[in-house]
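Novice: Attaching a single structure in structure tokens format; questions to follow.
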Amino acid sequence: MGWAAPTTFSHAARLIAAGLADSCRLRQGDGSLIYATRSGVEVSGAFAPALPGEPAPTTWAHLEACAWTAAWQTARGRHVIGSRALLLDDRWKGQLEWLERDGLRRRAHRPDLVTGRRADGRLMPVEVELSSKSLSRLRAILGLHAARIAAGRASAVIYVCGPSQLAERVRREGVEFGLSSERKTLRVELLATVIAATRSTRLGAEPPEAALVSRSVA
């Protein structure tokens, strides 16, 4: 939003004081994670379930990465549907089936975010990956996205990855399902690139698309 840090902290403090938001301390030096309370969700009018309580520490890094990704897309003029809202939208719910060493696994899967332009309605699921899944599970997720694209229910899938090795793995495995930057069905970005692009946009100096792609994996 272009706010200075003191202004942001002031707004956050007022929301917390009003009971519309709450916060939990992260690791020392990492600040706080601020999230909407049930009252905050109701007042905002968002069609999404509120968090049942303080987020578990194991989710902090992923929540922060999703927030940066949503800010990146919003700063570029894209509409974003968050993970809480997606819990109420079965259009983005798929069923995974994959084989692990201890047997067959089945699980429902939704993307972390959905983004797109409001004007043309072309939406893309977004996966935020900070740690490696098993190869068979990753392939099951990529297959799910490939089927959704083939059916015309999405134009592409975006992966935002933490380590570059993970980004390279997604790119490599995506080819097996027809997902690639050449086909414009897969975009892979590093989280560090997303954060830098978001900060640049806030300062009014967004890097051109070519520069953003040059720092990405695909």
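How things are named: the first chain in the structure tokens is A, the next is B, and so on; residues count from 1 in each chain; ligands count from 1 in the order shown.
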When DSSP works through the backbone of this structure, what residues of range 92-147 of chain A end up as strand (DSSP E), shown as a PyMOL selection string?

Specialist: chain A and resi 94-100+103-109+113-116+123-129

Novice: Per residue of range 82-115 of chain A within 12 Å of range 120-131 of chain A, note the shortest atom pair and the distance in Å to one decimal, counting only C-alpha atoms, and order the rows by chain and increasing residue number, as a tab-separated table.

Specialist:
residue	atom	partner	partner_atom	distance
A:Gly82	CA	A:Val126	CA	10.0
A:Ser83	CA	A:Val126	CA	10.0
A:Leu86	CA	A:Pro125	CA	10.5
A:Arg91	CA	A:Pro125	CA	11.3
A:Trp92	CA	A:Pro125	CA	8.3
A:Lys93	CA	A:Pro125	CA	10.9
A:Gly94	CA	A:Pro125	CA	11.9
A:His109	CA	A:Glu127	CA	10.8
A:Arg110	CA	A:Pro125	CA	8.7
A:Pro111	CA	A:Glu127	CA	5.5
A:Asp112	CA	A:Glu127	CA	5.3
A:Leu113	CA	A:Val126	CA	5.0
A:Val114	CA	A:Pro125	CA	4.4
A:Thr115	CA	A:Met124	CA	5.3

Novice: Rounded to one decimal place, report the CA of Thr37 in chain A-CA of Pro49 in chain A distance in Å.

Specialist: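 Rounded to one decimal, the two atoms are 9.9 Å apart.
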
Novice: Quick one: of A:Arg84, A:Leu33, A:Ala67, A:Ala108, who's nearest to Ala48 in chain A, counting only C-alpha atoms?

Specialist: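 Between A:Arg84, A:Leu33, A:Ala67, A:Ala108, the residue approaching Ala48 in chain A most closely is A:Arg84.
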
Novice: Could you pull the residues within 12 Å of Arg27 in chain A, counting only C-alpha atoms, minus those fewer than 6 positions along the same chain, as a PDB file with N, CA and C atoms, in the first residue's frame?

Specialist:
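Generated file (part-v8.pdb):
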ATOM      1  N   LEU A  33       3.477 -12.069  13.427  1.00  0.00           N
ATOM      2  CA  LEU A  33       2.554 -12.460  12.374  1.00  0.00           C
ATOM      3  C   LEU A  33       1.172 -11.934  12.761  1.00  0.00           C
ATOM      4  N   PRO A  57       3.538 -22.721  14.943  1.00  0.00           N
ATOM      5  CA  PRO A  57       4.861 -22.306  14.470  1.00  0.00           C
ATOM      6  C   PRO A  57       5.301 -23.001  13.185  1.00  0.00           C
ATOM      7  N   THR A  58       4.864 -24.237  12.982  1.00  0.00           N
ATOM      8  CA  THR A  58       5.265 -24.963  11.773  1.00  0.00           C
ATOM      9  C   THR A  58       4.685 -24.340  10.507  1.00  0.00           C
ATOM     10  N   TRP A  60       4.297 -20.877  10.134  1.00  0.00           N
ATOM     11  CA  TRP A  60       4.654 -19.455  10.026  1.00  0.00           C
ATOM     12  C   TRP A  60       5.357 -19.112   8.711  1.00  0.00           C
ATOM     13  N   ALA A  61       6.374 -19.870   8.360  1.00  0.00           N
ATOM     14  CA  ALA A  61       7.142 -19.562   7.150  1.00  0.00           C
ATOM     15  C   ALA A  61       6.267 -19.656   5.904  1.00  0.00           C
TER      16      ALA A  61
END

Novice: Which residue, A:Ala140, A:Tyr159, A:Val175, A:Ile195, has the smallest gap to Ala71 in chain A when you use only C-alpha atoms?

Specialist: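 When distances to Ala71 in chain A are compared using only C-alpha atoms, the smallest one comes from A:Ile195.
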
Novice: Determine which residues of range 78-112 of chain A receive a DSSP assignment of helix (DSSP H, G or I), computed from the backbone, and state them as a list in words.

Specialist: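 For range 78-112 of chain A, the helix (DSSP H, G or I) set is Ser83, Arg84, Ala85, Leu86, Asp90, Arg91 and Trp92 of chain A.
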
Novice: Store the residues picked out above in a file with N, CA and C atoms, as an mmCIF file, in the first residue's frame.

Specialist:
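Dumped to out_16.cif:
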data_model
loop_
_atom_site.group_PDB
_atom_site.id
_atom_site.type_symbol
_atom_site.label_atom_id
_atom_site.label_comp_id
_atom_site.auth_asym_id
_atom_site.auth_seq_id
_atom_site.Cartn_x
_atom_site.Cartn_y
_atom_site.Cartn_z
ATOM 1 N N SER A 83 -6.004 -18.615 0.585
ATOM 2 C CA SER A 83 -6.171 -20.027 0.949
ATOM 3 C C SER A 83 -7.393 -20.264 1.819
ATOM 4 N N ARG A 84 -7.732 -19.324 2.713
ATOM 5 C CA ARG A 84 -8.907 -19.512 3.561
ATOM 6 C C ARG A 84 -10.176 -19.488 2.726
ATOM 7 N N ALA A 85 -10.253 -18.581 1.765
ATOM 8 C CA ALA A 85 -11.430 -18.527 0.895
ATOM 9 C C ALA A 85 -11.532 -19.776 0.035
ATOM 10 N N LEU A 86 -10.392 -20.332 -0.371
ATOM 11 C CA LEU A 86 -10.407 -21.526 -1.215
ATOM 12 C C LEU A 86 -10.962 -22.739 -0.479
ATOM 13 N N ASP A 90 -15.106 -25.435 -3.791
ATOM 14 C CA ASP A 90 -14.750 -26.787 -4.230
ATOM 15 C C ASP A 90 -14.347 -26.856 -5.696
ATOM 16 N N ARG A 91 -14.494 -25.750 -6.429
ATOM 17 C CA ARG A 91 -14.036 -25.764 -7.825
ATOM 18 C C ARG A 91 -12.525 -25.972 -7.901
ATOM 19 N N TRP A 92 -11.816 -25.616 -6.843
ATOM 20 C CA TRP A 92 -10.366 -25.757 -6.837
ATOM 21 C C TRP A 92 -9.901 -26.915 -5.974
#

Novice: Would you pick out the contacts of range 6-20 of chain A at 10 Å or less, using only C-alpha atoms, so that residues sharing its chain but fewer than 3 positions from it are not included, and give the list as a list in words?

Specialist: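 Returned residues: Met1, Gly2, Trp3, Ser23, Ile34, Tyr35, Ala36, Thr37, Arg38, Ser39, Gly40, Val41, Glu42, Val43 and Ser44 of chain A.
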
Novice: Store the residues picked out above in a file with C-alpha atoms, as a PDB file, in the first residue's frame.

Specialist:
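What follows is the written file result_0.pdb:
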ATOM      1  CA  MET A   1       0.000   0.000   0.000  1.00  0.00           C
ATOM      2  CA  GLY A   2       3.023   2.256   0.082  1.00  0.00           C
ATOM      3  CA  TRP A   3       2.815   2.948   3.816  1.00  0.00           C
ATOM      4  CA  SER A  23      -0.767 -11.312  16.423  1.00  0.00           C
ATOM      5  CA  ILE A  34      -0.720 -10.510  12.196  1.00  0.00           C
ATOM      6  CA  TYR A  35      -3.928 -12.273  11.238  1.00  0.00           C
ATOM      7  CA  ALA A  36      -7.641 -11.463  11.159  1.00  0.00           C
ATOM      8  CA  THR A  37      -9.845 -12.593  14.032  1.00  0.00           C
ATOM      9  CA  ARG A  38     -13.342 -13.961  13.541  1.00  0.00           C
ATOM     10  CA  SER A  39     -14.712 -10.437  14.086  1.00  0.00           C
ATOM     11  CA  GLY A  40     -12.213  -9.065  11.591  1.00  0.00           C
ATOM     12  CA  VAL A  41     -13.294 -11.525   8.925  1.00  0.00           C
ATOM     13  CA  GLU A  42     -16.958 -10.690   9.528  1.00  0.00           C
ATOM     14  CA  VAL A  43     -16.370  -6.935   9.338  1.00  0.00           C
ATOM     15  CA  SER A  44     -14.294  -7.273   6.158  1.00  0.00           C
TER      16      SER A  44
END

Novice: With a distance cut-off of 9 Å and only C-alpha atoms, select the neighbouring residues of Lys184 in chain A, excluding the residue or stretch itself and same-chain residues fewer than 5 positions from it, and output the selection as a ChimeraX atom specification.

Specialist: /A:155-156,179

Novice: Got time to write the residues from that selection, C-alpha atoms, as a PDB file, in the first residue's frame?

Specialist:
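Result written to part_5.pdb:
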ATOM      1  CA  SER A 155      -4.640 -21.166 -18.073  1.00  0.00           C
ATOM      2  CA  ALA A 156      -1.426 -22.120 -16.258  1.00  0.00           C
ATOM      3  CA  LEU A 179       3.875 -27.901 -18.094  1.00  0.00           C
TER       4      LEU A 179
END

Novice: Set the distance at 9 Å and use only C-alpha atoms: which residues neighbour range 133-138 of chain A once local chain neighbours fewer than 6 positions away are removed? I'd like the list as a list of chain:residue names.

Specialist: A:Leu96, A:Glu97, A:Trp98, A:Leu99, A:Glu100, A:Arg105, A:Val170, A:Glu173

Novice: Convert the current residue selection to file output with N, CA, C and O atoms, as a PDB file, in the first residue's frame.

Specialist:
ATOM      1  N   LEU A  96      -5.895 -36.237  -4.892  1.00  0.00           N
ATOM      2  CA  LEU A  96      -4.592 -36.789  -5.232  1.00  0.00           C
ATOM      3  C   LEU A  96      -4.513 -38.259  -4.841  1.00  0.00           C
ATOM      4  O   LEU A  96      -5.118 -38.687  -3.854  1.00  0.00           O
ATOM      5  N   GLU A  97      -3.744 -38.991  -5.600  1.00  0.00           N
ATOM      6  CA  GLU A  97      -3.457 -40.383  -5.276  1.00  0.00           C
ATOM      7  C   GLU A  97      -2.016 -40.649  -5.683  1.00  0.00           C
ATOM      8  O   GLU A  97      -1.636 -40.429  -6.836  1.00  0.00           O
ATOM      9  N   TRP A  98      -1.186 -41.071  -4.733  1.00  0.00           N
ATOM     10  CA  TRP A  98       0.209 -41.339  -5.042  1.00  0.00           C
ATOM     11  C   TRP A  98       0.730 -42.461  -4.149  1.00  0.00           C
ATOM     12  O   TRP A  98       0.159 -42.753  -3.099  1.00  0.00           O
ATOM     13  N   LEU A  99       1.815 -43.054  -4.589  1.00  0.00           N
ATOM     14  CA  LEU A  99       2.366 -44.211  -3.899  1.00  0.00           C
ATOM     15  C   LEU A  99       3.614 -43.818  -3.126  1.00  0.00           C
ATOM     16  O   LEU A  99       4.552 -43.250  -3.676  1.00  0.00           O
ATOM     17  N   GLU A 100       3.614 -44.112  -1.832  1.00  0.00           N
ATOM     18  CA  GLU A 100       4.793 -43.928  -0.990  1.00  0.00           C
ATOM     19  C   GLU A 100       5.333 -45.305  -0.604  1.00  0.00           C
ATOM     20  O   GLU A 100       4.724 -46.333  -0.915  1.00  0.00           O
ATOM     21  N   ARG A 105      -1.392 -43.451  -0.943  1.00  0.00           N
ATOM     22  CA  ARG A 105      -1.924 -42.301  -0.220  1.00  0.00           C
ATOM     23  C   ARG A 105      -3.013 -41.637  -1.052  1.00  0.00           C
ATOM     24  O   ARG A 105      -2.894 -41.537  -2.275  1.00  0.00           O
ATOM     25  N   VAL A 170      10.762 -28.680  -9.784  1.00  0.00           N
ATOM     26  CA  VAL A 170       9.406 -28.460 -10.290  1.00  0.00           C
ATOM     27  C   VAL A 170       9.434 -28.267 -11.799  1.00  0.00           C
ATOM     28  O   VAL A 170       8.621 -28.838 -12.527  1.00  0.00           O
ATOM     29  N   GLU A 173      10.221 -31.736 -13.539  1.00  0.00           N
ATOM     30  CA  GLU A 173       9.123 -32.691 -13.498  1.00  0.00           C
ATOM     31  C   GLU A 173       7.899 -32.182 -14.260  1.00  0.00           C
ATOM     32  O   GLU A 173       7.132 -32.975 -14.800  1.00  0.00           O
TER      33      GLU A 173
END

Novice: Could you jot down the CA of Ala146 in chain A to CA of Arg76 in chain A separation for me, Å, one decimal place?

Specialist: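 Result for CA of Ala146 in chain A versus CA of Arg76 in chain A: 25.1 Å, one decimal.
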
Novice: Just the number, please: distance in Å from CA of Arg139 in chain A to CA of Gly174 in chain A, one decimal.

Specialist: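 Value for the CA of Arg139 in chain A-CA of Gly174 in chain A distance: 7.9 Å.
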